[in-house]
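See below for protein.txt, which holds compact mmCIF, C-alpha atoms.
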# COMPACT_ATOMS: atom_id res chain seq x y z
CA MET A 1 0.00 0.00 0.00
CA GLY A 2 3.05 2.24 0.10
CA LYS A 3 3.66 4.91 2.70
CA GLU A 4 0.86 5.13 5.25
CA CYS A 5 -0.91 8.48 5.51
CA LEU A 6 -1.28 9.85 9.03
CA VAL A 7 -4.75 9.09 10.41
CA SER A 8 -6.13 11.19 13.26
CA VAL A 9 -8.59 9.24 15.41
CA ILE A 10 -10.71 11.60 17.52
CA ILE A 11 -12.33 10.10 20.63
CA PRO A 12 -14.56 12.36 22.78
CA VAL A 13 -14.49 11.16 26.39
CA TYR A 14 -17.15 11.81 29.01
CA HIS A 15 -18.33 9.53 31.86
CA VAL A 16 -17.21 6.30 30.19
CA GLU A 17 -14.73 4.92 32.72
CA LYS A 18 -16.35 1.48 32.36
CA TYR A 19 -15.73 1.34 28.61
CA LEU A 20 -12.78 3.63 27.84
CA ASP A 21 -10.03 1.02 28.10
CA ASP A 22 -11.78 -1.30 25.64
CA CYS A 23 -12.20 1.55 23.19
CA VAL A 24 -8.64 2.86 23.35
CA ARG A 25 -7.15 -0.64 23.33
CA SER A 26 -8.98 -1.36 20.07
CA ILE A 27 -7.32 1.71 18.53
CA VAL A 28 -3.75 1.31 19.77
CA THR A 29 -3.71 -2.32 18.55
CA GLN A 30 -4.78 -1.44 15.02
CA SER A 31 -2.93 -3.16 12.18
CA TYR A 32 -2.47 0.34 10.72
CA SER A 33 0.22 2.01 12.80
CA ASN A 34 0.59 5.60 11.58
CA LEU A 35 -2.00 7.02 13.95
CA GLU A 36 -2.53 10.20 15.91
CA ILE A 37 -5.00 9.28 18.67
CA ILE A 38 -6.70 12.31 20.22
CA LEU A 39 -8.52 11.71 23.50
CA VAL A 40 -10.72 14.72 24.28
CA ASP A 41 -11.63 14.73 27.98
CA ASP A 42 -14.81 16.81 27.95
CA GLY A 43 -14.71 17.81 31.60
CA SER A 44 -15.49 14.32 32.84
CA ASP A 45 -15.67 14.16 36.65
CA ASP A 46 -15.10 10.41 36.97
CA SER A 47 -11.74 8.66 36.50
CA CYS A 48 -11.64 9.27 32.74
CA PRO A 49 -9.16 12.21 32.87
CA GLN A 50 -6.62 10.07 34.71
CA MET A 51 -7.27 7.12 32.40
CA CYS A 52 -6.61 9.32 29.37
CA ASP A 53 -3.31 10.53 30.84
CA PHE A 54 -2.32 6.95 31.67
CA TRP A 55 -2.88 5.86 28.07
CA ALA A 56 -0.84 8.82 26.81
CA GLU A 57 2.08 7.68 28.97
CA LYS A 58 1.85 4.19 27.46
CA ASP A 59 1.63 5.20 23.79
CA GLU A 60 3.38 8.21 22.29
CA ARG A 61 0.78 8.42 19.50
CA ILE A 62 -1.86 9.49 22.02
CA LYS A 63 -2.58 13.16 22.70
CA VAL A 64 -4.93 14.28 25.46
CA ILE A 65 -7.05 17.41 25.53
CA HIS A 66 -8.57 18.33 28.90
CA LYS A 67 -11.37 20.88 28.52
CA GLU A 68 -14.47 22.18 30.25
CA ASN A 69 -17.62 20.26 29.47
CA GLY A 70 -19.11 21.43 26.19
CA GLY A 71 -20.85 18.33 24.91
CA LEU A 72 -20.09 15.80 22.19
CA SER A 73 -20.02 18.32 19.33
CA ASP A 74 -17.62 20.62 21.15
CA ALA A 75 -15.32 17.70 21.96
CA ARG A 76 -15.24 16.53 18.33
CA ASN A 77 -14.53 20.08 17.18
CA ALA A 78 -11.70 20.42 19.71
CA GLY A 79 -10.14 17.27 18.27
CA LEU A 80 -10.56 18.50 14.69
CA ASP A 81 -8.89 21.79 15.53
CA VAL A 82 -5.63 20.09 16.56
CA ALA A 83 -5.66 17.03 14.29
CA GLN A 84 -2.67 16.73 11.96
CA GLY A 85 -3.74 13.71 9.91
CA GLN A 86 -4.57 13.63 6.21
CA TYR A 87 -7.39 11.27 7.18
CA ILE A 88 -9.86 11.69 10.06
CA ALA A 89 -11.87 9.09 11.99
CA PHE A 90 -14.30 9.55 14.87
CA VAL A 91 -14.81 6.79 17.42
CA ASP A 92 -17.24 7.09 20.34
CA SER A 93 -15.57 6.22 23.62
CA ASP A 94 -18.06 3.52 24.61
CA ASP A 95 -17.64 1.69 21.29
CA PHE A 96 -14.75 -0.29 19.82
CA VAL A 97 -13.45 -1.25 16.40
CA HIS A 98 -12.11 -4.23 14.45
CA PRO A 99 -8.29 -4.62 14.41
CA ASP A 100 -8.29 -3.80 10.67
CA TYR A 101 -10.75 -0.90 10.91
CA ILE A 102 -8.33 1.85 9.87
CA LYS A 103 -6.30 -0.32 7.48
CA LYS A 104 -9.31 -1.42 5.42
CA LEU A 105 -10.89 2.03 5.25
CA ALA A 106 -7.57 3.72 4.42
CA MET A 107 -7.04 1.21 1.63
CA ILE A 108 -10.42 2.13 0.15
CA LEU A 109 -9.51 5.83 0.21
CA LYS A 110 -6.12 5.32 -1.37
CA GLN A 111 -6.78 2.63 -3.99
CA LYS A 112 -9.71 4.34 -5.70
CA ASP A 113 -9.02 7.95 -4.69
CA CYS A 114 -12.15 8.15 -2.53
CA ASP A 115 -12.97 11.02 -0.21
CA ILE A 116 -14.91 8.98 2.36
CA ALA A 117 -14.83 5.27 3.21
CA ILE A 118 -17.76 3.72 5.11
CA CYS A 119 -17.96 0.29 6.76
CA GLY A 120 -20.69 -1.87 8.21
CA PHE A 121 -21.34 -1.87 11.93
CA GLU A 122 -22.84 -4.13 14.55
CA LYS A 123 -25.02 -2.95 17.42
CA PHE A 124 -24.82 -4.83 20.67
CA VAL A 125 -26.53 -4.30 23.99
CA ASP A 126 -24.29 -3.36 26.87
CA GLY A 127 -23.59 -6.45 28.96
CA SER A 128 -24.24 -8.92 26.15
CA ASP A 129 -21.60 -11.05 24.45
CA ILE A 130 -19.23 -9.10 22.23
CA PRO A 131 -20.08 -9.89 18.60
CA THR A 132 -17.63 -11.51 16.19
CA THR A 133 -17.81 -11.01 12.44
CA GLU A 134 -16.11 -12.15 9.27
CA THR A 135 -15.08 -9.80 6.47
CA ASN A 136 -15.09 -10.35 2.71
CA GLY A 137 -13.50 -7.14 1.47
CA ILE A 138 -16.16 -6.37 -1.15
CA VAL A 139 -16.30 -2.62 -1.85
CA LYS A 140 -18.89 -0.60 -3.75
CA TYR A 141 -18.08 2.88 -5.05
CA VAL A 142 -20.84 5.49 -5.18
CA ASN A 143 -21.42 9.23 -5.39
CA PRO A 144 -23.05 11.13 -2.51
CA LYS A 145 -26.50 11.05 -4.10
CA ASP A 146 -26.48 7.26 -4.48
CA CYS A 147 -25.21 6.87 -0.93
CA TYR A 148 -28.17 8.82 0.47
CA VAL A 149 -30.86 7.43 -1.77
CA HIS A 150 -29.91 3.75 -1.66
CA THR A 151 -28.62 3.32 1.91
CA ASP A 152 -30.17 3.69 5.34
CA ALA A 153 -30.26 6.53 7.84
CA TYR A 154 -27.31 5.22 9.81
CA PHE A 155 -24.99 6.86 7.33
CA ASP A 156 -25.93 10.09 9.09
CA VAL A 157 -23.53 9.25 11.94
CA ALA A 158 -19.97 10.52 12.33
CA TRP A 159 -18.49 7.13 13.19
CA ASN A 160 -18.00 4.05 10.91
CA LYS A 161 -16.27 6.34 8.41
CA LEU A 162 -12.82 7.51 7.41
CA TYR A 163 -12.66 10.97 5.84
CA ARG A 164 -10.10 12.89 3.88
CA ARG A 165 -9.36 15.94 5.99
CA THR A 166 -9.90 18.21 2.98
CA THR A 167 -13.42 16.81 2.55
CA ILE A 168 -14.41 17.85 6.08
CA GLY A 169 -12.92 21.28 5.45
CA ASP A 170 -14.34 23.85 7.83
CA VAL A 171 -17.54 21.92 8.66
CA ARG A 172 -17.99 21.67 12.43
CA TYR A 173 -20.53 20.07 14.75
CA PRO A 174 -23.21 22.33 16.32
CA TYR A 175 -22.60 23.26 19.95
CA ARG A 176 -24.81 21.57 22.57
CA LYS A 177 -27.21 20.00 20.08
CA LEU A 178 -28.65 16.51 20.15
CA HIS A 179 -28.60 14.66 16.82
CA GLU A 180 -25.46 16.63 15.95
CA ASP A 181 -24.62 14.14 13.20
CA ILE A 182 -27.85 14.93 11.35
CA TYR A 183 -26.85 18.60 11.32
CA THR A 184 -23.45 17.82 9.89
CA THR A 185 -22.86 14.54 8.06
CA TYR A 186 -24.74 15.39 4.85
CA LYS A 187 -22.61 18.51 4.39
CA ILE A 188 -19.43 16.44 4.52
CA MET A 189 -20.89 13.68 2.35
CA PHE A 190 -21.87 16.10 -0.41
CA ALA A 191 -18.41 17.66 -0.37
CA ALA A 192 -17.12 14.26 -1.54
CA LYS A 193 -16.78 13.18 -5.16
CA LYS A 194 -16.47 9.44 -4.55
CA ILE A 195 -17.44 7.30 -1.54
CA GLY A 196 -16.35 3.72 -0.92
CA LEU A 197 -18.76 1.39 0.89
CA THR A 198 -17.93 -1.98 2.39
CA GLN A 199 -20.39 -4.22 4.20
CA ASP A 200 -17.55 -5.59 6.31
CA VAL A 201 -18.50 -5.03 9.94
CA LEU A 202 -15.57 -3.10 11.39
CA TYR A 203 -17.31 -0.90 13.97
CA PHE A 204 -19.09 -2.12 17.10
CA TYR A 205 -21.73 0.20 18.53
CA ARG A 206 -22.64 -0.27 22.17
CA GLN A 207 -26.27 0.44 23.09
CA ARG A 208 -26.55 1.87 26.60
CA ILE A 209 -29.72 2.87 28.36
CA ASP A 210 -27.82 5.65 30.17
CA SER A 211 -26.42 7.21 26.98
CA ILE A 212 -27.55 10.55 25.54
CA ILE A 213 -29.51 8.88 22.76
CA GLY A 214 -30.89 6.32 25.18
CA LYS A 215 -32.50 9.21 27.05
CA GLN A 216 -33.61 11.18 23.99
CA ASP A 217 -37.34 10.76 24.68
CA ASN A 218 -36.81 12.96 27.73
CA ARG A 219 -34.99 15.65 25.76
CA PRO A 220 -36.29 18.33 23.38
CA GLY A 221 -37.27 17.07 19.94
CA THR A 222 -36.61 20.48 18.43
CA ASP A 223 -32.92 19.73 17.77
CA MET A 224 -33.80 16.97 15.32
CA GLU A 225 -36.53 19.08 13.72
CA GLN A 226 -34.11 21.95 13.10
CA ALA A 227 -31.46 19.61 11.73
CA LEU A 228 -33.94 18.04 9.30
CA TRP A 229 -35.25 21.48 8.26
CA ASP A 230 -31.71 22.68 7.54
CA ARG A 231 -31.18 19.55 5.44
CA VAL A 232 -34.30 20.29 3.38
CA GLU A 233 -33.02 23.81 2.72
CA PHE A 234 -29.58 22.48 1.74
CA PHE A 235 -30.84 19.85 -0.69
CA LYS A 236 -33.46 21.93 -2.51
CA THR A 237 -30.83 23.28 -4.91
CA ILE A 238 -28.65 20.14 -5.04
CA ASP A 239 -30.76 17.37 -6.58
CA GLN A 240 -34.48 16.69 -6.85
CA VAL A 241 -34.26 13.03 -5.81
CA VAL A 242 -32.24 13.80 -2.68
CA TYR A 243 -34.48 16.80 -2.01
CA ALA A 244 -37.49 14.47 -2.15
CA GLU A 245 -35.79 12.17 0.38
CA SER A 246 -35.15 15.11 2.71
CA LEU A 247 -38.77 16.30 2.47
CA THR A 248 -40.02 12.79 3.22
CA ALA A 249 -37.65 12.41 6.18
CA TYR A 250 -38.71 15.78 7.59
CA ILE A 251 -42.44 15.02 7.43
CA ASP A 252 -42.12 11.45 8.73
CA ASN A 253 -39.94 12.45 11.68
CA VAL A 254 -41.49 15.77 12.62
CA THR A 255 -45.06 14.47 12.69
CA CYS A 256 -43.79 11.89 15.21
CA ILE A 257 -42.04 14.61 17.24
CA VAL A 258 -45.20 16.75 17.36
CA LYS A 259 -47.25 13.78 18.54
CA GLY A 260 -44.55 12.89 21.09
CA ILE A 261 -44.58 16.40 22.58
CA SER A 262 -48.39 16.45 22.62
CA LYS A 263 -48.48 13.17 24.55
CA GLY A 264 -45.67 14.14 26.93
CA ARG A 265 -43.15 11.58 25.68
CA ILE A 266 -40.82 14.28 24.35
CA LYS A 267 -40.09 17.55 26.11
CA GLY A 268 -41.48 20.58 24.36
CA ASN A 269 -44.16 23.23 24.50
CA ASN A 270 -47.10 24.57 22.51
CA GLU A 271 -45.02 27.29 20.88
CA GLN A 272 -42.60 24.69 19.49
CA ILE A 273 -45.49 22.57 18.27
CA HIS A 274 -46.95 25.63 16.51
CA VAL A 275 -43.65 26.35 14.72
CA MET A 276 -43.33 22.75 13.56
CA LYS A 277 -46.92 22.61 12.32
CA GLN A 278 -46.37 25.83 10.37
CA ARG A 279 -43.25 24.42 8.76
CA LEU A 280 -45.10 21.23 7.82
CA LYS A 281 -47.74 23.34 6.09
CA GLN A 282 -45.03 25.33 4.28
CA LEU A 283 -43.72 22.09 2.81
CA ILE A 284 -47.01 21.14 1.13
CA PRO A 285 -46.53 23.35 -1.97
CA LYS A 286 -42.88 22.29 -2.11
CA LEU A 287 -44.00 18.67 -2.07
CA LEU A 288 -46.41 19.22 -4.93
CA GLU A 289 -43.69 20.92 -7.00
CA CYS A 290 -40.99 18.34 -6.23
CA GLU A 291 -40.03 16.37 -9.36
CA GLY A 292 -38.39 13.58 -7.37
CA LEU A 293 -41.63 12.22 -5.87
CA PRO A 294 -44.44 10.28 -7.57
CA MET A 295 -47.92 11.81 -7.11
CA LYS A 296 -49.08 8.92 -4.92
CA ASN A 297 -46.31 9.66 -2.41
CA LYS A 298 -46.99 13.40 -2.57
CA ILE A 299 -50.63 12.90 -1.61
CA LYS A 300 -49.76 10.63 1.33
CA LEU A 301 -47.18 13.07 2.65
CA CYS A 302 -49.50 16.07 2.24
CA VAL A 303 -52.18 14.29 4.28
CA LYS A 304 -49.62 13.42 6.96
CA ALA A 305 -48.32 17.02 7.07
CA VAL A 306 -51.74 18.43 8.01
CA ILE A 307 -51.83 17.53 11.72

How does this structure look as structure tokens?
Amino acid sequence: MGKECLVSVIIPVYHVEKYLDDCVRSIVTQSYSNLEIILVDDGSDDSCPQMCDFWAEKDERIKVIHKENGGLSDARNAGLDVAQGQYIAFVDSDDFVHPDYIKKLAMILKQKDCDIAICGFEKFVDGSDIPTTETNGIVKYVNPKDCYVHTDAYFDVAWNKLYRRTTIGDVRYPYRKLHEDIYTTYKIMFAAKKIGLTQDVLYFYRQRIDSIIGKQDNRPGTDMEQALWDRVEFFKTIDQVVYAESLTAYIDNVTCIVKGISKGRIKGNNEQIHVMKQRLKQLIPKLLECEGLPMKNKIKLCVKAVI
């Protein structure tokens, strides 16, 4: 494969003392060695700060940032601001990766001059047996439009990907927002010219009931609504098919959010419900004009939007 490009692996750390060693160990033992591992201690008040420093003493590739708590987005941004690698990867500190995670994704970037490489992932419930998987190395190459239209919503996450640093550019994650990936990932994806996809499961996602997402029903739904609205606005001048997908996603998700707030499952208030209902109504003429949707789908979505 020739000379290895430097890969910066950014790991935000907050209240994960139970899982941090497993995560970092899976990175330092990668078959790809030219790594810059950035542990961003986001003001954690458990033993994580000391654990980060301990790992830095063991491996000279590890850098530690200690900062005041600013949330996941702020921690990722802090890592991006100091990262020196030509390639960037994000790994959540309660997850872990396959020993060939970086090697396989870096090979995809280099061999076919891709801007982003994406792998399969496996969810597992905290406390259950750690999954094992086999890989076959099959890679599919797509453009951003095909990636969004023909794959599932989990490509809207920061992890399970390796990015060229130039593709991320000056895109940053929104401060103190839930669903920060939905605000951000599509902007990076559509800055790419070519994306490599492998179904090889190289990333292992731990499901925890005490995680931020595990508690999302008790948090405001307006963060997701705003992220989806921004995505609609972004795609309306990009491509009609992707625009149609963004309209559909907005209506499907926001009608659920409105109902969730109304029934008390999601935090919110009547003013927020009013704003969301108004936006849903604003989308009806856009739906009818959208060339990327068949009339049957337009009618169904228009009916759903009037709540």

Range 275-291 of chain A, all listed atoms, 3 Å padding on each side: what axis-aligned box centre and edge lengths in Å to one decimal come out, as JSON?
{"center_x": -43.9, "center_y": 21.4, "center_z": 2.7, "size_x": 13.7, "size_y": 16.0, "size_z": 30.1}

Residue list as a ChimeraX atom specification for point (-6.1, -3.9, 5.7), cut-off 12 Å, only C-alpha atoms:
/A:1,4,30-33,98-111,135-137,200,202

Return as CSV the residues of range 140-213 of chain A lying at most 12 Å from range 229-238 of chain A, together with the closest atom-to-atom pair for each and the distance in Å to one decimal, counting only C-alpha atoms, with rows in chain order and ascending residue number.
residue,atom,partner,partner_atom,distance
A:Pro144,CA,A:Ile238,CA,10.9
A:Lys145,CA,A:Ile238,CA,9.4
A:Tyr148,CA,A:Phe235,CA,11.4
A:Asp156,CA,A:Arg231,CA,11.4
A:Asp181,CA,A:Arg231,CA,11.5
A:Ile182,CA,A:Arg231,CA,8.2
A:Tyr183,CA,A:Arg231,CA,7.4
A:Thr184,CA,A:Arg231,CA,9.1
A:Thr185,CA,A:Arg231,CA,10.1
A:Tyr186,CA,A:Arg231,CA,7.7
A:Lys187,CA,A:Phe234,CA,8.4
A:Phe190,CA,A:Ile238,CA,9.2
A:Ala191,CA,A:Ile238,CA,11.5

For the atom pair CA of Arg76 in chain A and CA of Leu228 in chain A, what is the interatomic distance in Å to one decimal place?
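Separation of CA of Arg76 in chain A and CA of Leu228 in chain A: 20.8 Å.
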
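Across the structure, CA of Asn143 in chain A and CA of Thr167 in chain A are spaced 13.6 Å apart.
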
Interatomic distance, CA of Lys194 in chain A to CA of Cys114 in chain A (Å, one decimal):
4.9 Å

Return the single residue from A:Val241, A:Ile138, A:Val24, A:Met189 that is closest to Val97 in chain A, with distances computed using only C-alpha atoms.
A:Val24

Name the closest residue to Ile261 in chain A among the candidates A:Leu293, A:Leu39, A:Val64, A:Met276; distances are taken between atoms, counting only C-alpha atoms.
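Checking each of A:Leu293, A:Leu39, A:Val64, A:Met276 against Ile261 in chain A, counting only C-alpha atoms, the winner is A:Met276.
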
Mind checking which residues fall within 9 Å of Ser8 in chain A, counting only C-alpha atoms, ignoring those fewer than 4 positions away in the same chain, and posting them as an MDAnalysis selection string?
chainID A and resid 34:38 79:80 83:90

Just the residues within 9 Å of Arg206 in chain A, please, counting only C-alpha atoms, with nothing from its chain fewer than 3 positions along; format it as a PyMOL selection string.
chain A and resi 94-96+122-126

Tell me which protein, DNA and RNA residues are within 7 Å of Cys302 in chain A, counting only C-alpha atoms, leaving out same-chain ones fewer than 4 positions away, and put them as a PyMOL selection string.
chain A and resi 284+298+306

Contact residues around Ser73 in chain A with all atoms listed in the file at 6 Å, ignoring same-chain residues under 4 positions, as a ChimeraX atom specification:
/A:173-175

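Protein and nucleic acid residues near (-16.1, 12.9, 34.1) are Val13, Tyr14, His15, Val16, Glu17, Asp41, Asp42, Gly43, Ser44, Asp45, Asp46, Ser47, Cys48, Pro49, Gln50 and Asn69 of chain A, the criterion being any atom at most 10 Å away using all atoms listed in the file.
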
Which is closest to Val157 in chain A among A:His179, A:Lys140, A:Arg172, A:Lys63, if we use only C-alpha atoms?
A:His179

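Minimum atom-to-atom distance to Ala249 in chain A, evaluated using only C-alpha atoms, belongs to A:Ala227 out of A:Ala227, A:Ile118, A:Cys23, A:Ile11.
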
Atoms added to range 55-78 of chain A (N, CA and C atoms), reported as an mmCIF file, in the coordinates of the input:
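Output (selection_23.cif):
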data_model
loop_
_atom_site.group_PDB
_atom_site.id
_atom_site.type_symbol
_atom_site.label_atom_id
_atom_site.label_comp_id
_atom_site.auth_asym_id
_atom_site.auth_seq_id
_atom_site.Cartn_x
_atom_site.Cartn_y
_atom_site.Cartn_z
ATOM 1 N N TRP A 55 -3.063 6.389 29.415
ATOM 2 C CA TRP A 55 -2.880 5.860 28.070
ATOM 3 C C TRP A 55 -1.836 6.678 27.297
ATOM 4 N N ALA A 56 -1.819 7.984 27.504
ATOM 5 C CA ALA A 56 -0.840 8.820 26.810
ATOM 6 C C ALA A 56 0.588 8.486 27.234
ATOM 7 N N GLU A 57 0.748 8.087 28.493
ATOM 8 C CA GLU A 57 2.080 7.680 28.970
ATOM 9 C C GLU A 57 2.500 6.358 28.337
ATOM 10 N N LYS A 58 1.541 5.502 28.023
ATOM 11 C CA LYS A 58 1.850 4.190 27.460
ATOM 12 C C LYS A 58 2.122 4.232 25.960
ATOM 13 N N ASP A 59 1.520 5.183 25.249
ATOM 14 C CA ASP A 59 1.630 5.200 23.790
ATOM 15 C C ASP A 59 1.857 6.631 23.321
ATOM 16 N N GLU A 60 3.005 6.858 22.688
ATOM 17 C CA GLU A 60 3.380 8.210 22.290
ATOM 18 C C GLU A 60 2.493 8.766 21.170
ATOM 19 N N ARG A 61 1.697 7.933 20.549
ATOM 20 C CA ARG A 61 0.780 8.420 19.500
ATOM 21 C C ARG A 61 -0.449 9.088 20.075
ATOM 22 N N ILE A 62 -0.657 8.957 21.384
ATOM 23 C CA ILE A 62 -1.860 9.490 22.020
ATOM 24 C C ILE A 62 -1.615 10.913 22.527
ATOM 25 N N LYS A 63 -2.543 11.806 22.169
ATOM 26 C CA LYS A 63 -2.580 13.160 22.700
ATOM 27 C C LYS A 63 -3.856 13.322 23.510
ATOM 28 N N VAL A 64 -3.762 14.071 24.601
ATOM 29 C CA VAL A 64 -4.930 14.280 25.460
ATOM 30 C C VAL A 64 -5.264 15.753 25.520
ATOM 31 N N ILE A 65 -6.534 16.058 25.324
ATOM 32 C CA ILE A 65 -7.050 17.410 25.530
ATOM 33 C C ILE A 65 -7.975 17.366 26.742
ATOM 34 N N HIS A 66 -7.668 18.176 27.766
ATOM 35 C CA HIS A 66 -8.570 18.330 28.900
ATOM 36 C C HIS A 66 -9.294 19.667 28.742
ATOM 37 N N LYS A 67 -10.602 19.658 28.733
ATOM 38 C CA LYS A 67 -11.370 20.880 28.520
ATOM 39 C C LYS A 67 -12.614 20.900 29.395
ATOM 40 N N GLU A 68 -13.191 22.069 29.552
ATOM 41 C CA GLU A 68 -14.470 22.180 30.250
ATOM 42 C C GLU A 68 -15.551 21.477 29.441
ATOM 43 N N ASN A 69 -16.558 20.982 30.148
ATOM 44 C CA ASN A 69 -17.620 20.260 29.470
ATOM 45 C C ASN A 69 -18.358 21.150 28.473
ATOM 46 N N GLY A 70 -18.410 20.679 27.225
ATOM 47 C CA GLY A 70 -19.110 21.430 26.190
ATOM 48 C C GLY A 70 -20.004 20.552 25.344
ATOM 49 N N GLY A 71 -20.018 19.250 25.671
ATOM 50 C CA GLY A 71 -20.850 18.330 24.910
ATOM 51 C C GLY A 71 -20.080 17.638 23.803
ATOM 52 N N LEU A 72 -20.725 16.642 23.204
ATOM 53 C CA LEU A 72 -20.090 15.800 22.190
ATOM 54 C C LEU A 72 -19.593 16.606 21.001
ATOM 55 N N SER A 73 -20.416 17.526 20.497
ATOM 56 C CA SER A 73 -20.020 18.320 19.330
ATOM 57 C C SER A 73 -18.763 19.134 19.629
ATOM 58 N N ASP A 74 -18.749 19.777 20.779
ATOM 59 C CA ASP A 74 -17.620 20.620 21.150
ATOM 60 C C ASP A 74 -16.344 19.799 21.284
ATOM 61 N N ALA A 75 -16.480 18.576 21.814
ATOM 62 C CA ALA A 75 -15.320 17.700 21.960
ATOM 63 C C ALA A 75 -14.784 17.268 20.592
ATOM 64 N N ARG A 76 -15.689 16.890 19.688
ATOM 65 C CA ARG A 76 -15.240 16.530 18.330
ATOM 66 C C ARG A 76 -14.544 17.710 17.658
ATOM 67 N N ASN A 77 -15.134 18.895 17.802
ATOM 68 C CA ASN A 77 -14.530 20.080 17.180
ATOM 69 C C ASN A 77 -13.154 20.375 17.761
ATOM 70 N N ALA A 78 -12.998 20.197 19.072
ATOM 71 C CA ALA A 78 -11.700 20.420 19.710
ATOM 72 C C ALA A 78 -10.650 19.475 19.130
#
